[in-house]
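Engineer: Input: one structure, supplied below.
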Amino acid sequence: MQKKDEKDYAFIKEKIKDKPINKKRMVIQLAFTLFLAVLFGLVSGAVFAYVHPRLEQRLYPKEKPVFTLPPDEKEDDSESESTDGTDSESENTDGSDSEADSTQNPGTEPPGESSSGPGGEQEPIDMIQWQPTLEDYQTFWNQMYAIGAEANRFIVTVTGVQSNIDWFNNPYESKGQASGIIIGSSDQELLILTEKKVLYGAEEIYVTFADDTSVQAAIRKYDGNTGITVLSVPQSAIGEETMAAISTAVLGNSLSVPQGTLVIAVGSPLGTNYSVLTGNITSTTNSISTVDANYNIFTTDIIGSSNGSGALINLKGEVIGLVMQDYSSAGDENTLTAVSISDLKTVIQKLSNNQEIPYIGLGITTVTSAIEKEYEIPKGVYIKEVKLDSPAMAAGLQSGDVIVEIGGTVVLTEEAYEKKLLELNPGDVAGVIIKRQGNDGYVNIRCDVEISSLK
C-alpha cells in the first residue's frame, strides 16, 4: 500500500525549472521603449518650440519698431539781396584778379557775371559765353544716369500671382508687376511702398531685388483712397549678399520743388524694370482731388507708359514724387505724372505702422478770401461732394456745407482738414461744426461723424 501511494504522488518530487530568458523579445521591448522615449522627446521639443515664442511674446511682448517720417516744411526761396551792391563786387579795386581770370579763360565767364567798366559801372554781359562740347554733354548725362543707377538699388519689382482657369478648364497663372520702393528697414523686416492695383486678387506676392533675388512678401496695409500699399518682407528671408546690394530710399522734401527742376525717373516708367529716364518738371501747380484729401501733382516732359510706376528723384537721389499714372490728366497720358511725396508722408507712415487710414467721405476745397468776398461764402472747408454710404452721409453732412471745426480743432483750410483727420482713428466719433446756408444766412450745425476706413 505504501508503495502504491509513493507511485501515485511521485510528481511531488519533480523540480520546477526557471523559464529560459527570451533574449530576442527583450531586445524588441528595449528597442520599443527607446523609440517611445525618442518620440516623446521629439514631440515635446516641437511643442516647446511652437509654444515658447508665442507664450513669451504674450507674456513679454516686444515693441515693434515704429516707422517715422519727419514732417516737411516749405522752404523760403527768397534770398536776401544786398542793398549797397558790395557783395557782388570784388574786394580788389584795381581789377587785377578780373584781368587775370579773363586772360586765362577768355570768353568763358559764367552767365550773370561781367567785368566793371570805367567808373565802376557794370557793362552788359558778353553774349559769347562758355560753349560746352559734346564731351561735356556726355559727362553731364553720365552723371545723371549714375544717380539713377544708384537709386535703382532701392527699387524692387513687385509681382502678384493669381491662379485662373481658361475657357477649356485648364488652370494657369497670371502675373501683374509694378515697381516698389524700399522705404524702411529694421532687424525684423523691410518695408516696401508700391501700388495696390497690381496686387488685386493676388494669392501670392513676390519681391525681386536688384540682384535678382526673389522672396515672398505680405501686405502690411493699404489705403483704399490713393491705392498705395506697404508690403512687409521678413529680414530672415533675405541673404547678406542681397542686403549689401540694396539700399533704403530717402524721402525728400517736395514742398518747394520749382518748375524746371531736373529730375530722374527710376523703376519702370516705361514698363521695363530698372529703367532710368531724365527730364524736368514742367508744372508744379496741378492737383488732384480725392476722397478727404487733395494732392499736388508734378508733371514732367519725360515720356512714359500709361502703366508706368516707380519714383521721381532729384539730383541728390532723394525721392520727391511717386509715379502714379492714374492721376495724369487727359493731355498728359504720354508723360510721367508723380504725386508729391511730402503730401503722402503721413499716409505712408500710418500704413507702415499697420494703422488704418481714417475716412469720412468728402470732396473738399478751401474757401479763400477771394471766394469769400465774391460768393459770400464763409471761410472754411467747402464740401463739394459727399460720397454715398460714407460716414459723412450717415452724419447728415451735405454738399455746400462749410466745415469750420473738427473734434474741437478749428479747420479753415483743406490742409488743416487733412491733418486733423489723419490724427483720428477708425471708430472715433468726431464732432464736426459746419455752416449751412438757410433762409436767414449761414447757421452753425453740429454733426457727429463716426470715423471709418475705406476698403
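Chain lettering (A, B, ...) mirrors the order of the C-alpha cells, residue numbering begins at 1 for each chain separately, and ligand numbering begins at 1 in order of display.
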Determine which residues of region 239-446 of chain A DSSP labels as alpha helix (DSSP H) from the backbone of this structure, then write them out as a PyMOL selection string.
Structural biologist: chain A and resi 240-245+341-352+369-375+391-395+414-422
Engineer: Please save C-alpha atoms of the selected residues as a compact mmCIF listing (two decimals), in the first residue's frame.
Structural biologist:
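Contents of part-v1.txt, as written:
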# COMPACT_ATOMS: atom_id res chain seq x y z
CA GLU A 240 23.64 89.00 -46.62
CA GLU A 241 24.66 89.45 -50.27
CA THR A 242 21.22 90.80 -51.12
CA MET A 243 21.29 93.20 -48.17
CA ALA A 244 24.63 94.51 -49.42
CA ALA A 245 23.20 95.05 -52.92
CA ILE A 341 5.92 112.66 -51.77
CA SER A 342 5.56 115.22 -48.97
CA ASP A 343 1.77 115.07 -49.34
CA LEU A 344 1.88 111.28 -48.87
CA LYS A 345 4.31 111.02 -45.95
CA THR A 346 1.70 110.91 -43.17
CA VAL A 347 -0.28 108.24 -45.02
CA ILE A 348 2.89 106.22 -45.66
CA GLN A 349 3.85 106.45 -42.00
CA LYS A 350 0.46 105.20 -40.80
CA LEU A 351 0.46 102.32 -43.29
CA SER A 352 3.99 101.35 -42.29
CA SER A 369 -10.59 135.24 -49.13
CA ALA A 370 -11.34 135.90 -52.80
CA ILE A 371 -14.07 133.25 -52.88
CA GLU A 372 -15.48 134.51 -49.60
CA LYS A 373 -15.73 138.03 -50.99
CA GLU A 374 -17.06 137.10 -54.43
CA TYR A 375 -19.60 134.42 -53.46
CA PRO A 391 -19.75 108.28 -42.59
CA ALA A 392 -20.30 111.87 -43.73
CA MET A 393 -23.61 110.98 -45.38
CA ALA A 394 -24.70 108.98 -42.33
CA ALA A 395 -23.95 112.00 -40.13
CA GLU A 414 -8.07 121.69 -46.70
CA GLU A 415 -4.55 121.20 -45.30
CA ALA A 416 -5.86 121.68 -41.76
CA TYR A 417 -8.75 119.31 -42.52
CA GLU A 418 -6.40 116.57 -43.77
CA LYS A 419 -4.01 117.00 -40.85
CA LYS A 420 -6.80 116.75 -38.27
CA LEU A 421 -8.43 113.77 -39.97
CA LEU A 422 -5.15 111.82 -40.02
Engineer: A:Ile205, A:Ile383, A:Leu312, A:Leu255: which is nearest Ile281 (chain A), counting only C-alpha atoms?
Structural biologist: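 The closest residue to Ile281 (chain A) is A:Leu312.
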Engineer: So the first atom is CA of Thr299 (chain A) and the second is CA of Tyr222 (chain A); what is the distance between them in Å, to one decimal place?
Structural biologist: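 Atom-to-atom, CA of Thr299 (chain A) and CA of Tyr222 (chain A) are spaced 24.9 Å apart.
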Engineer: One number please: CA of Leu193 (chain A) to CA of Val339 (chain A), in Å, one decimal.
Structural biologist: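 Those two atoms sit 13.5 Å apart.
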Engineer: Hey, what's within 12 Å of Leu322 (chain A) if we count only C-alpha atoms and toss same-chain stuff fewer than 6 positions away? As a ChimeraX atom specification, please?
Structural biologist: /A:179-181,193-195,226-228,251-252,254,264-269,295-299,308-313,336-345,348
Engineer: Any idea what's packed within 10 Å of region 146-152 of chain A, counting only C-alpha atoms, ignoring anything in its chain fewer than 5 positions away? Could you give it as a ChimeraX atom specification?
Structural biologist: /A:140-141,181,209-210,246-250,263-267,273-278,310-319
Engineer: In Å to one decimal, how far is CA of Gly363 (chain A) from CA of Pro378 (chain A)?
Structural biologist: 17.5 Å
Engineer: At a cut-off of 10 Å, using only C-alpha atoms, what residues contact Ser185 (chain A)? Leave out same-chain residues fewer than 4 positions from it and give the result as a list in words.
Structural biologist: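 Selected residues are Pro65, Phe67, Glu189, Leu190, Leu191, Ile192, Ser232, Val233, Pro234, Gln235, Ser247 and Thr248 of chain A.
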Engineer: Take the residues that were just selected and, keeping N, CA and C atoms, output them as a PDB file, in the first residue's frame.
Structural biologist:
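Final output, saved to out_27.pdb:
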ATOM      1  N   PRO A  65       9.335  98.055 -34.039  1.00  0.00           N
ATOM      2  CA  PRO A  65       9.910  99.361 -34.363  1.00  0.00           C
ATOM      3  C   PRO A  65       8.877 100.258 -35.028  1.00  0.00           C
ATOM      4  N   PHE A  67       7.866 103.191 -37.442  1.00  0.00           N
ATOM      5  CA  PHE A  67       8.353 103.861 -38.646  1.00  0.00           C
ATOM      6  C   PHE A  67       7.921 105.317 -38.589  1.00  0.00           C
ATOM      7  N   GLU A 189      12.223  93.344 -40.467  1.00  0.00           N
ATOM      8  CA  GLU A 189      11.578  93.353 -41.777  1.00  0.00           C
ATOM      9  C   GLU A 189      12.051  94.526 -42.624  1.00  0.00           C
ATOM     10  N   LEU A 190      11.762  94.411 -43.928  1.00  0.00           N
ATOM     11  CA  LEU A 190      11.889  95.517 -44.863  1.00  0.00           C
ATOM     12  C   LEU A 190      10.495  95.997 -45.221  1.00  0.00           C
ATOM     13  N   LEU A 191      10.333  97.299 -45.363  1.00  0.00           N
ATOM     14  CA  LEU A 191       9.059  97.883 -45.763  1.00  0.00           C
ATOM     15  C   LEU A 191       9.190  98.409 -47.181  1.00  0.00           C
ATOM     16  N   ILE A 192       8.215  98.057 -48.015  1.00  0.00           N
ATOM     17  CA  ILE A 192       8.267  98.399 -49.431  1.00  0.00           C
ATOM     18  C   ILE A 192       6.972  99.087 -49.831  1.00  0.00           C
ATOM     19  N   SER A 232       5.523  94.010 -46.473  1.00  0.00           N
ATOM     20  CA  SER A 232       6.498  93.613 -45.461  1.00  0.00           C
ATOM     21  C   SER A 232       7.235  92.365 -45.934  1.00  0.00           C
ATOM     22  N   VAL A 233       8.561  92.407 -45.845  1.00  0.00           N
ATOM     23  CA  VAL A 233       9.404  91.258 -46.187  1.00  0.00           C
ATOM     24  C   VAL A 233      10.249  90.931 -44.963  1.00  0.00           C
ATOM     25  N   PRO A 234      10.180  89.714 -44.422  1.00  0.00           N
ATOM     26  CA  PRO A 234      10.979  89.375 -43.234  1.00  0.00           C
ATOM     27  C   PRO A 234      12.467  89.400 -43.531  1.00  0.00           C
ATOM     28  N   GLN A 235      13.229  89.979 -42.611  1.00  0.00           N
ATOM     29  CA  GLN A 235      14.674  90.053 -42.794  1.00  0.00           C
ATOM     30  C   GLN A 235      15.301  88.665 -42.839  1.00  0.00           C
ATOM     31  N   SER A 247      19.519  99.238 -50.961  1.00  0.00           N
ATOM     32  CA  SER A 247      19.595 100.389 -50.064  1.00  0.00           C
ATOM     33  C   SER A 247      18.185 100.847 -49.735  1.00  0.00           C
ATOM     34  N   THR A 248      18.081 101.773 -48.802  1.00  0.00           N
ATOM     35  CA  THR A 248      16.787 102.327 -48.397  1.00  0.00           C
ATOM     36  C   THR A 248      16.650 103.729 -48.967  1.00  0.00           C
TER      37      THR A 248
END
Engineer: Skip Tyr382 (chain A) itself and residues of its chain fewer than 2 positions away, then list as a list in words all residues within 10 Å of it, counting only C-alpha atoms.
Structural biologist: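 That gives Leu362, Gly363, Ile364, Thr365, Thr366, Val367, Thr368, Ile377, Pro378, Lys379, Gly380, Lys384, Glu385, Ser399, Gly400, Asp401, Val402, Ile403, Val404, Leu412, Thr413, Glu414, Ile434 and Lys435 of chain A.
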Engineer: Taking the chain letters and numbering used in this document, name the residues of region 358-447 of chain A that DSSP puts in strand (DSSP E or B), as a PyMOL selection string.
Structural biologist: chain A and resi 358-359+362-367+380-386+402-406+409-410+429-438+441-447
Engineer: Please write the residues from the selection above to a file, keeping C-alpha atoms, as a tab-separated table (two decimals), in the first residue's frame.
Structural biologist:
chain	number	residue	atom	x	y	z
A	358	PRO	CA	-9.28	107.41	-41.38
A	359	TYR	CA	-12.15	108.07	-43.76
A	362	LEU	CA	-15.92	114.15	-48.58
A	363	GLY	CA	-14.69	116.03	-51.59
A	364	ILE	CA	-13.34	119.32	-50.26
A	365	THR	CA	-11.74	122.65	-51.18
A	366	THR	CA	-10.65	125.73	-49.30
A	367	VAL	CA	-12.80	128.85	-49.23
A	380	GLY	CA	-13.64	127.24	-44.02
A	381	VAL	CA	-13.52	123.92	-45.87
A	382	TYR	CA	-16.21	123.79	-48.54
A	383	ILE	CA	-17.86	120.41	-49.14
A	384	LYS	CA	-18.03	119.78	-52.90
A	385	GLU	CA	-19.26	116.19	-52.67
A	386	VAL	CA	-20.50	113.67	-50.14
A	402	VAL	CA	-18.67	124.72	-44.89
A	403	ILE	CA	-16.65	122.92	-42.20
A	404	VAL	CA	-15.11	125.21	-39.60
A	405	GLU	CA	-14.26	122.77	-36.79
A	406	ILE	CA	-13.49	119.07	-36.29
A	409	THR	CA	-9.98	121.99	-33.61
A	410	VAL	CA	-10.61	124.92	-35.93
A	429	VAL	CA	-16.63	109.91	-33.09
A	430	ALA	CA	-15.70	113.47	-34.04
A	431	GLY	CA	-17.95	116.47	-33.62
A	432	VAL	CA	-17.96	118.41	-36.91
A	433	ILE	CA	-19.17	122.02	-36.81
A	434	ILE	CA	-20.46	123.23	-40.16
A	435	LYS	CA	-22.02	126.40	-41.52
A	436	ARG	CA	-25.13	125.67	-43.57
A	437	GLN	CA	-26.99	128.23	-45.61
A	438	GLY	CA	-30.57	128.85	-44.56
A	441	GLY	CA	-27.97	133.17	-43.91
A	442	TYR	CA	-25.47	130.63	-42.63
A	443	VAL	CA	-26.13	128.91	-39.32
A	444	ASN	CA	-23.88	126.66	-37.23
A	445	ILE	CA	-24.82	122.97	-37.06
A	446	ARG	CA	-23.04	120.16	-35.21
A	447	CYS	CA	-22.81	116.71	-36.79
